[in-house]
Amino acid sequence: VQSLSASPNGRFVAVRVTNQIILLDTDGWQQRHAFIIGDENLFRFFWSPDGNVLAAHGGRQMVLFDALTGSEQLLVTVDGGNHIRRASWSPDGQTIAAVTGTGRLTLWDAQTGVQTAVWQGEGRMGDIVWSPDGQTIMTQNIRTLSLVEPSTGVMVDEWSLDDVSSVERLAWSPDGAWLAVASGSGKILLLNGENGRVQHTLSENDHRITNLSWSSNSQQLLSIDHRGVLAVWSIR
């Protein structure tokens, strides 16, 4: 098994095995579909918000698979020879955003694959996250967070974090009140979701945080570090 991802609605689990993406139905754990992908470097999975479409990306390509019908729904390719680093669905499932290693943010219509906006940042971009209302996309370059308007591809604000060495992962709370920022040194910061001001420091250690995830009520934050250690933070 090379990649594994569960759908948000809990109905499907996608597994990458050799040259296939196998879709399992969690009701009985039977194979629902198998997508033959050959030698394509599609190792990163992310699901549409309704859990019915699986997106897989690697290199310059991204492919969308319909989990209900088993059909390949869409193929998009990033221009300029840049590899996709991170990608994410908009909260309403209508748009897909992706950032490349050279700082380009590209948005596509999730139904047609038509490119709708492009923003060119400075330097290598890492994580990408949508605001809960879908009105803002945030991406980061080292210690700078860039806020981009998805409808126009225009940067509307920029937040600088001087007290971290680098930013690894971002997670906006579902209520929009908090932005969690994980640094490369193991520090987790809680920022005001509206103005980017640091409100709390949750962790200071030497273990790099690899992922962040909020509870649906925005009262708990889950973090995992490079050792596989999970921590749950209660947010008051």
# chains A, B, ... in the order shown; residues from 1 in each chain; ligands from 1
$ residues_around --residues "Val99 (chain A)" --least-positions-apart "4" --cutoff "9 Å" --atoms "only C-alpha atoms" --output "JSON, numbers by chain"
{"A": [83, 84, 85, 86, 87, 103, 104, 105, 106, 125, 126, 127, 128, 139]}
$ residues_around --residues "region 190-202 of chain A" --least-positions-apart "2" --cutoff "10 Å" --atoms "only C-alpha atoms" --output "compact mmCIF listing (two decimals) with all heavy atoms, in the first residue's frame"
# COMPACT_ATOMS: atom_id res chain seq x y z
N SER A 131 -10.43 29.32 3.62
CA SER A 131 -11.22 29.78 4.75
C SER A 131 -12.55 29.02 4.73
O SER A 131 -13.01 28.58 3.68
CB SER A 131 -11.47 31.29 4.65
OG SER A 131 -12.19 31.60 3.48
N LEU A 145 2.49 34.22 5.20
CA LEU A 145 1.20 33.67 4.81
C LEU A 145 0.53 34.64 3.84
O LEU A 145 0.36 35.83 4.16
CB LEU A 145 0.31 33.47 6.04
CG LEU A 145 0.92 32.68 7.20
CD1 LEU A 145 -0.09 32.55 8.34
CD2 LEU A 145 1.38 31.31 6.74
N ASP A 157 -4.13 40.16 1.27
CA ASP A 157 -3.44 40.45 2.54
C ASP A 157 -2.24 39.52 2.66
O ASP A 157 -2.11 38.53 1.93
CB ASP A 157 -4.39 40.22 3.72
CG ASP A 157 -3.98 41.02 4.96
OD1 ASP A 157 -2.87 41.63 4.94
OD2 ASP A 157 -4.74 41.02 5.94
N GLU A 158 -1.36 39.88 3.59
CA GLU A 158 -0.16 39.08 3.84
C GLU A 158 0.17 39.15 5.32
O GLU A 158 0.21 40.25 5.90
CB GLU A 158 1.00 39.61 3.00
CG GLU A 158 2.22 38.71 2.96
CD GLU A 158 3.25 39.22 1.97
OE1 GLU A 158 3.92 40.23 2.29
OE2 GLU A 158 3.39 38.61 0.89
N TRP A 159 0.37 37.99 5.94
CA TRP A 159 0.70 37.93 7.37
C TRP A 159 2.10 37.37 7.52
O TRP A 159 2.44 36.33 6.93
CB TRP A 159 -0.28 37.02 8.12
CG TRP A 159 -1.71 37.47 8.05
CD1 TRP A 159 -2.18 38.68 7.65
CD2 TRP A 159 -2.87 36.70 8.39
NE1 TRP A 159 -3.55 38.73 7.72
CE2 TRP A 159 -4.01 37.53 8.18
CE3 TRP A 159 -3.06 35.41 8.87
CZ2 TRP A 159 -5.31 37.09 8.42
CZ3 TRP A 159 -4.36 34.97 9.12
CH2 TRP A 159 -5.47 35.80 8.89
N SER A 160 2.92 38.04 8.32
CA SER A 160 4.30 37.59 8.55
C SER A 160 4.42 37.02 9.96
O SER A 160 3.87 37.59 10.92
CB SER A 160 5.28 38.75 8.38
OG SER A 160 5.29 39.20 7.05
N LEU A 161 5.14 35.92 10.07
CA LEU A 161 5.37 35.27 11.37
C LEU A 161 6.87 35.32 11.67
O LEU A 161 7.64 34.53 11.14
CB LEU A 161 4.87 33.83 11.34
CG LEU A 161 3.38 33.64 11.07
CD1 LEU A 161 3.05 32.16 10.95
CD2 LEU A 161 2.55 34.28 12.18
N ASP A 163 8.34 34.85 14.61
CA ASP A 163 8.82 34.02 15.72
C ASP A 163 8.84 32.53 15.39
O ASP A 163 8.87 31.69 16.29
CB ASP A 163 7.98 34.26 16.97
CG ASP A 163 6.48 34.15 16.72
OD1 ASP A 163 6.10 34.03 15.54
OD2 ASP A 163 5.72 34.18 17.69
N ALA A 171 -4.09 25.08 9.27
CA ALA A 171 -5.43 24.52 9.46
C ALA A 171 -6.34 25.59 10.02
O ALA A 171 -6.11 26.11 11.12
CB ALA A 171 -5.39 23.32 10.40
N TRP A 172 -7.37 25.96 9.24
CA TRP A 172 -8.36 26.94 9.67
C TRP A 172 -9.46 26.22 10.43
O TRP A 172 -9.94 25.18 9.97
CB TRP A 172 -8.97 27.64 8.47
CG TRP A 172 -9.02 29.14 8.58
CD1 TRP A 172 -9.46 29.86 9.65
CD2 TRP A 172 -8.63 30.09 7.57
NE1 TRP A 172 -9.35 31.20 9.38
CE2 TRP A 172 -8.86 31.38 8.11
CE3 TRP A 172 -8.13 29.98 6.28
CZ2 TRP A 172 -8.60 32.54 7.40
CZ3 TRP A 172 -7.86 31.14 5.58
CH2 TRP A 172 -8.09 32.41 6.13
N SER A 173 -9.85 26.73 11.59
CA SER A 173 -10.93 26.11 12.34
C SER A 173 -12.24 26.24 11.57
O SER A 173 -12.45 27.20 10.82
CB SER A 173 -11.06 26.74 13.73
OG SER A 173 -11.40 28.11 13.63
N ASP A 175 -15.12 27.21 12.38
CA ASP A 175 -15.87 28.44 12.62
C ASP A 175 -15.13 29.69 12.15
O ASP A 175 -15.65 30.81 12.26
CB ASP A 175 -16.23 28.58 14.11
CG ASP A 175 -15.02 28.68 15.02
OD1 ASP A 175 -13.88 28.76 14.51
OD2 ASP A 175 -15.21 28.69 16.26
N GLY A 176 -13.91 29.52 11.61
CA GLY A 176 -13.15 30.63 11.08
C GLY A 176 -12.44 31.49 12.11
O GLY A 176 -11.74 32.44 11.76
N ALA A 177 -12.61 31.16 13.40
CA ALA A 177 -12.05 32.01 14.46
C ALA A 177 -10.55 31.85 14.61
O ALA A 177 -9.86 32.80 15.03
CB ALA A 177 -12.74 31.71 15.79
N TRP A 178 -10.01 30.67 14.27
CA TRP A 178 -8.60 30.38 14.52
C TRP A 178 -7.91 29.86 13.26
O TRP A 178 -8.52 29.15 12.45
CB TRP A 178 -8.45 29.30 15.61
CG TRP A 178 -9.10 29.62 16.91
CD1 TRP A 178 -10.29 29.14 17.38
CD2 TRP A 178 -8.60 30.50 17.92
NE1 TRP A 178 -10.56 29.65 18.60
CE2 TRP A 178 -9.53 30.50 18.98
CE3 TRP A 178 -7.44 31.28 18.03
CZ2 TRP A 178 -9.36 31.25 20.13
CZ3 TRP A 178 -7.27 32.03 19.19
CH2 TRP A 178 -8.21 32.02 20.22
N LEU A 179 -6.65 30.20 13.15
CA LEU A 179 -5.78 29.57 12.16
C LEU A 179 -4.63 28.92 12.93
O LEU A 179 -3.89 29.62 13.65
CB LEU A 179 -5.21 30.58 11.17
CG LEU A 179 -4.25 29.98 10.14
CD1 LEU A 179 -5.02 29.15 9.11
CD2 LEU A 179 -3.42 31.05 9.45
N ALA A 180 -4.53 27.61 12.83
CA ALA A 180 -3.42 26.90 13.47
C ALA A 180 -2.26 26.81 12.49
O ALA A 180 -2.44 26.48 11.32
CB ALA A 180 -3.86 25.50 13.89
N VAL A 181 -1.06 27.12 13.00
CA VAL A 181 0.15 27.12 12.18
C VAL A 181 1.19 26.24 12.85
O VAL A 181 1.54 26.45 14.01
CB VAL A 181 0.72 28.55 12.03
CG1 VAL A 181 2.00 28.53 11.22
CG2 VAL A 181 -0.31 29.47 11.38
N ALA A 182 1.67 25.24 12.12
CA ALA A 182 2.72 24.35 12.63
C ALA A 182 4.04 24.75 11.99
O ALA A 182 4.13 24.87 10.77
CB ALA A 182 2.39 22.89 12.32
N GLY A 186 8.56 22.50 15.48
CA GLY A 186 7.65 21.85 16.41
C GLY A 186 6.72 22.79 17.14
O GLY A 186 5.87 22.35 17.91
N LYS A 187 6.85 24.07 16.92
CA LYS A 187 5.97 25.04 17.57
C LYS A 187 4.63 25.10 16.83
O LYS A 187 4.58 25.09 15.61
CB LYS A 187 6.63 26.42 17.57
CG LYS A 187 5.83 27.50 18.27
CD LYS A 187 6.51 28.85 18.14
CE LYS A 187 7.82 28.92 18.89
NZ LYS A 187 8.37 30.30 18.88
N ILE A 188 3.54 25.16 17.61
CA ILE A 188 2.20 25.34 17.05
C ILE A 188 1.66 26.67 17.54
O ILE A 188 1.58 26.91 18.75
CB ILE A 188 1.24 24.21 17.45
CG1 ILE A 188 1.77 22.85 16.99
CG2 ILE A 188 -0.15 24.45 16.86
CD1 ILE A 188 0.94 21.68 17.47
N GLU A 204 5.99 23.85 22.11
CA GLU A 204 7.35 24.23 21.76
C GLU A 204 8.26 23.03 22.04
O GLU A 204 8.59 22.75 23.20
CB GLU A 204 7.80 25.46 22.56
CG GLU A 204 7.09 26.73 22.16
CD GLU A 204 7.80 27.97 22.67
OE1 GLU A 204 8.99 28.13 22.32
OE2 GLU A 204 7.19 28.76 23.39
N LEU A 221 -7.98 20.66 18.66
CA LEU A 221 -7.03 20.62 17.55
C LEU A 221 -6.17 19.38 17.71
O LEU A 221 -5.60 19.14 18.78
CB LEU A 221 -6.15 21.87 17.54
CG LEU A 221 -5.04 21.92 16.48
CD1 LEU A 221 -5.64 22.04 15.08
CD2 LEU A 221 -4.08 23.07 16.76
N TRP A 233 -5.35 19.11 21.53
CA TRP A 233 -5.31 20.36 22.25
C TRP A 233 -6.73 20.87 22.43
O TRP A 233 -7.50 20.92 21.48
CB TRP A 233 -4.48 21.40 21.48
CG TRP A 233 -3.13 20.90 21.09
CD1 TRP A 233 -2.80 20.24 19.95
CD2 TRP A 233 -1.94 20.99 21.86
NE1 TRP A 233 -1.47 19.93 19.94
CE2 TRP A 233 -0.91 20.38 21.09
CE3 TRP A 233 -1.62 21.56 23.10
CZ2 TRP A 233 0.41 20.31 21.55
CZ3 TRP A 233 -0.31 21.48 23.54
CH2 TRP A 233 0.67 20.85 22.79
N SER A 234 -7.07 21.25 23.66
CA SER A 234 -8.39 21.81 23.95
C SER A 234 -8.30 23.33 23.80
O SER A 234 -7.48 23.98 24.45
CB SER A 234 -8.81 21.43 25.37
OG SER A 234 -10.09 21.96 25.66
N ILE A 235 -9.17 23.90 22.95
CA ILE A 235 -9.15 25.32 22.67
C ILE A 235 -10.34 25.97 23.38
O ILE A 235 -11.49 25.61 23.16
CB ILE A 235 -9.26 25.58 21.15
CG1 ILE A 235 -8.25 24.72 20.39
CG2 ILE A 235 -9.07 27.07 20.87
CD1 ILE A 235 -6.81 24.94 20.78
$ closest_atom_pairs --of "region 106-191 of chain A" --to "region 93-97 of chain A" --cutoff "6 Å" --atoms "only C-alpha atoms" --output "tab-separated table"
residue	atom	partner	partner_atom	distance
A:Thr106	CA	A:Ala97	CA	5.7
A:Leu107	CA	A:Ala97	CA	4.4
A:Trp108	CA	A:Ile96	CA	5.3
A:Asp109	CA	A:Thr95	CA	4.8
A:Ala110	CA	A:Thr95	CA	4.9
$ write_last_selection --atoms "N, CA, C and O atoms" --output "PDB file, in the first residue's frame"
ATOM      1  N   THR A 106      -2.877  27.912  -8.682  1.00  0.00           N
ATOM      2  CA  THR A 106      -3.790  27.776  -9.810  1.00  0.00           C
ATOM      3  C   THR A 106      -5.125  27.260  -9.317  1.00  0.00           C
ATOM      4  O   THR A 106      -5.181  26.380  -8.454  1.00  0.00           O
ATOM      5  N   LEU A 107      -6.214  27.826  -9.874  1.00  0.00           N
ATOM      6  CA  LEU A 107      -7.564  27.392  -9.533  1.00  0.00           C
ATOM      7  C   LEU A 107      -8.275  26.896 -10.785  1.00  0.00           C
ATOM      8  O   LEU A 107      -8.141  27.494 -11.854  1.00  0.00           O
ATOM      9  N   TRP A 108      -9.042  25.796 -10.609  1.00  0.00           N
ATOM     10  CA  TRP A 108      -9.813  25.228 -11.702  1.00  0.00           C
ATOM     11  C   TRP A 108     -11.266  25.041 -11.282  1.00  0.00           C
ATOM     12  O   TRP A 108     -11.558  24.781 -10.109  1.00  0.00           O
ATOM     13  N   ASP A 109     -12.152  25.118 -12.257  1.00  0.00           N
ATOM     14  CA  ASP A 109     -13.539  24.719 -12.050  1.00  0.00           C
ATOM     15  C   ASP A 109     -13.557  23.194 -11.921  1.00  0.00           C
ATOM     16  O   ASP A 109     -13.093  22.485 -12.821  1.00  0.00           O
ATOM     17  N   ALA A 110     -14.096  22.689 -10.825  1.00  0.00           N
ATOM     18  CA  ALA A 110     -14.046  21.247 -10.558  1.00  0.00           C
ATOM     19  C   ALA A 110     -14.936  20.441 -11.492  1.00  0.00           C
ATOM     20  O   ALA A 110     -14.768  19.223 -11.618  1.00  0.00           O
TER      21      ALA A 110
END
$ closest_residue --among "A:Ser146, A:Asn205, A:Ser3, A:Gln31" --to "Asn19 (chain A)" --atoms "only C-alpha atoms"
A:Ser3
$ closest_residue --among "A:Ile21, A:Val167, A:Leu230, A:Ile137" --to "Pro150 (chain A)" --atoms "only C-alpha atoms"
A:Ile137
$ decode --residues "region 167-198 of chain A" --atoms "N, CA and C atoms" --output "PDB file, in the first residue's frame"
ATOM      1  N   VAL A 167       7.120  27.654   8.215  1.00  0.00           N
ATOM      2  CA  VAL A 167       5.765  27.149   8.386  1.00  0.00           C
ATOM      3  C   VAL A 167       5.624  25.841   7.612  1.00  0.00           C
ATOM      4  N   GLU A 168       5.118  24.807   8.302  1.00  0.00           N
ATOM      5  CA  GLU A 168       4.958  23.501   7.670  1.00  0.00           C
ATOM      6  C   GLU A 168       3.512  23.228   7.264  1.00  0.00           C
ATOM      7  N   ARG A 169       2.572  23.413   8.186  1.00  0.00           N
ATOM      8  CA  ARG A 169       1.171  23.093   7.907  1.00  0.00           C
ATOM      9  C   ARG A 169       0.248  24.176   8.448  1.00  0.00           C
ATOM     10  N   LEU A 170      -0.913  24.304   7.795  1.00  0.00           N
ATOM     11  CA  LEU A 170      -1.929  25.278   8.162  1.00  0.00           C
ATOM     12  C   LEU A 170      -3.265  24.574   8.346  1.00  0.00           C
ATOM     13  N   ALA A 171      -4.088  25.077   9.274  1.00  0.00           N
ATOM     14  CA  ALA A 171      -5.435  24.516   9.461  1.00  0.00           C
ATOM     15  C   ALA A 171      -6.344  25.593  10.018  1.00  0.00           C
ATOM     16  N   TRP A 172      -7.371  25.956   9.241  1.00  0.00           N
ATOM     17  CA  TRP A 172      -8.355  26.942   9.674  1.00  0.00           C
ATOM     18  C   TRP A 172      -9.457  26.218  10.433  1.00  0.00           C
ATOM     19  N   SER A 173      -9.846  26.735  11.585  1.00  0.00           N
ATOM     20  CA  SER A 173     -10.928  26.105  12.340  1.00  0.00           C
ATOM     21  C   SER A 173     -12.239  26.237  11.566  1.00  0.00           C
ATOM     22  N   PRO A 174     -13.159  25.284  11.721  1.00  0.00           N
ATOM     23  CA  PRO A 174     -14.420  25.324  10.966  1.00  0.00           C
ATOM     24  C   PRO A 174     -15.239  26.592  11.192  1.00  0.00           C
ATOM     25  N   ASP A 175     -15.118  27.215  12.378  1.00  0.00           N
ATOM     26  CA  ASP A 175     -15.872  28.444  12.624  1.00  0.00           C
ATOM     27  C   ASP A 175     -15.132  29.689  12.149  1.00  0.00           C
ATOM     28  N   GLY A 176     -13.911  29.522  11.615  1.00  0.00           N
ATOM     29  CA  GLY A 176     -13.146  30.633  11.080  1.00  0.00           C
ATOM     30  C   GLY A 176     -12.441  31.485  12.111  1.00  0.00           C
ATOM     31  N   ALA A 177     -12.609  31.161  13.396  1.00  0.00           N
ATOM     32  CA  ALA A 177     -12.051  32.013  14.457  1.00  0.00           C
ATOM     33  C   ALA A 177     -10.547  31.849  14.610  1.00  0.00           C
ATOM     34  N   TRP A 178     -10.009  30.669  14.268  1.00  0.00           N
ATOM     35  CA  TRP A 178      -8.603  30.378  14.517  1.00  0.00           C
ATOM     36  C   TRP A 178      -7.910  29.860  13.258  1.00  0.00           C
ATOM     37  N   LEU A 179      -6.647  30.200  13.151  1.00  0.00           N
ATOM     38  CA  LEU A 179      -5.775  29.570  12.164  1.00  0.00           C
ATOM     39  C   LEU A 179      -4.632  28.923  12.928  1.00  0.00           C
ATOM     40  N   ALA A 180      -4.526  27.613  12.828  1.00  0.00           N
ATOM     41  CA  ALA A 180      -3.423  26.897  13.468  1.00  0.00           C
ATOM     42  C   ALA A 180      -2.257  26.813  12.491  1.00  0.00           C
ATOM     43  N   VAL A 181      -1.056  27.117  12.998  1.00  0.00           N
ATOM     44  CA  VAL A 181       0.152  27.123  12.183  1.00  0.00           C
ATOM     45  C   VAL A 181       1.189  26.237  12.847  1.00  0.00           C
ATOM     46  N   ALA A 182       1.666  25.237  12.124  1.00  0.00           N
ATOM     47  CA  ALA A 182       2.720  24.354  12.630  1.00  0.00           C
ATOM     48  C   ALA A 182       4.038  24.747  11.994  1.00  0.00           C
ATOM     49  N   SER A 183       5.046  24.940  12.812  1.00  0.00           N
ATOM     50  CA  SER A 183       6.352  25.340  12.305  1.00  0.00           C
ATOM     51  C   SER A 183       7.258  24.121  12.145  1.00  0.00           C
ATOM     52  N   GLY A 184       8.356  24.312  11.433  1.00  0.00           N
ATOM     53  CA  GLY A 184       9.309  23.238  11.227  1.00  0.00           C
ATOM     54  C   GLY A 184      10.032  22.826  12.495  1.00  0.00           C
ATOM     55  N   SER A 185      10.031  23.680  13.517  1.00  0.00           N
ATOM     56  CA  SER A 185      10.732  23.387  14.767  1.00  0.00           C
ATOM     57  C   SER A 185       9.843  22.729  15.809  1.00  0.00           C
ATOM     58  N   GLY A 186       8.556  22.503  15.476  1.00  0.00           N
ATOM     59  CA  GLY A 186       7.652  21.853  16.413  1.00  0.00           C
ATOM     60  C   GLY A 186       6.723  22.790  17.139  1.00  0.00           C
ATOM     61  N   LYS A 187       6.849  24.074  16.918  1.00  0.00           N
ATOM     62  CA  LYS A 187       5.969  25.039  17.572  1.00  0.00           C
ATOM     63  C   LYS A 187       4.632  25.102  16.834  1.00  0.00           C
ATOM     64  N   ILE A 188       3.538  25.159  17.609  1.00  0.00           N
ATOM     65  CA  ILE A 188       2.201  25.340  17.048  1.00  0.00           C
ATOM     66  C   ILE A 188       1.656  26.669  17.540  1.00  0.00           C
ATOM     67  N   LEU A 189       1.290  27.526  16.606  1.00  0.00           N
ATOM     68  CA  LEU A 189       0.740  28.834  16.944  1.00  0.00           C
ATOM     69  C   LEU A 189      -0.746  28.873  16.614  1.00  0.00           C
ATOM     70  N   LEU A 190      -1.500  29.565  17.455  1.00  0.00           N
ATOM     71  CA  LEU A 190      -2.903  29.839  17.162  1.00  0.00           C
ATOM     72  C   LEU A 190      -3.029  31.310  16.830  1.00  0.00           C
ATOM     73  N   LEU A 191      -3.460  31.578  15.593  1.00  0.00           N
ATOM     74  CA  LEU A 191      -3.626  32.950  15.134  1.00  0.00           C
ATOM     75  C   LEU A 191      -5.104  33.326  15.103  1.00  0.00           C
ATOM     76  N   ASN A 192      -5.375  34.597  15.314  1.00  0.00           N
ATOM     77  CA  ASN A 192      -6.715  35.105  15.096  1.00  0.00           C
ATOM     78  C   ASN A 192      -7.059  34.906  13.621  1.00  0.00           C
ATOM     79  N   GLY A 193      -8.180  34.260  13.341  1.00  0.00           N
ATOM     80  CA  GLY A 193      -8.521  33.923  11.964  1.00  0.00           C
ATOM     81  C   GLY A 193      -8.889  35.110  11.102  1.00  0.00           C
ATOM     82  N   GLU A 194      -9.082  36.277  11.708  1.00  0.00           N
ATOM     83  CA  GLU A 194      -9.459  37.453  10.941  1.00  0.00           C
ATOM     84  C   GLU A 194      -8.296  38.388  10.646  1.00  0.00           C
ATOM     85  N   ASN A 195      -7.348  38.490  11.603  1.00  0.00           N
ATOM     86  CA  ASN A 195      -6.267  39.465  11.397  1.00  0.00           C
ATOM     87  C   ASN A 195      -4.864  38.877  11.458  1.00  0.00           C
ATOM     88  N   GLY A 196      -4.742  37.578  11.780  1.00  0.00           N
ATOM     89  CA  GLY A 196      -3.439  36.932  11.761  1.00  0.00           C
ATOM     90  C   GLY A 196      -2.578  37.176  12.980  1.00  0.00           C
ATOM     91  N   ARG A 197      -3.107  37.816  14.011  1.00  0.00           N
ATOM     92  CA  ARG A 197      -2.315  38.056  15.215  1.00  0.00           C
ATOM     93  C   ARG A 197      -2.187  36.775  16.029  1.00  0.00           C
ATOM     94  N   VAL A 198      -0.980  36.517  16.532  1.00  0.00           N
ATOM     95  CA  VAL A 198      -0.730  35.319  17.342  1.00  0.00           C
ATOM     96  C   VAL A 198      -1.420  35.477  18.694  1.00  0.00           C
TER      97      VAL A 198
END
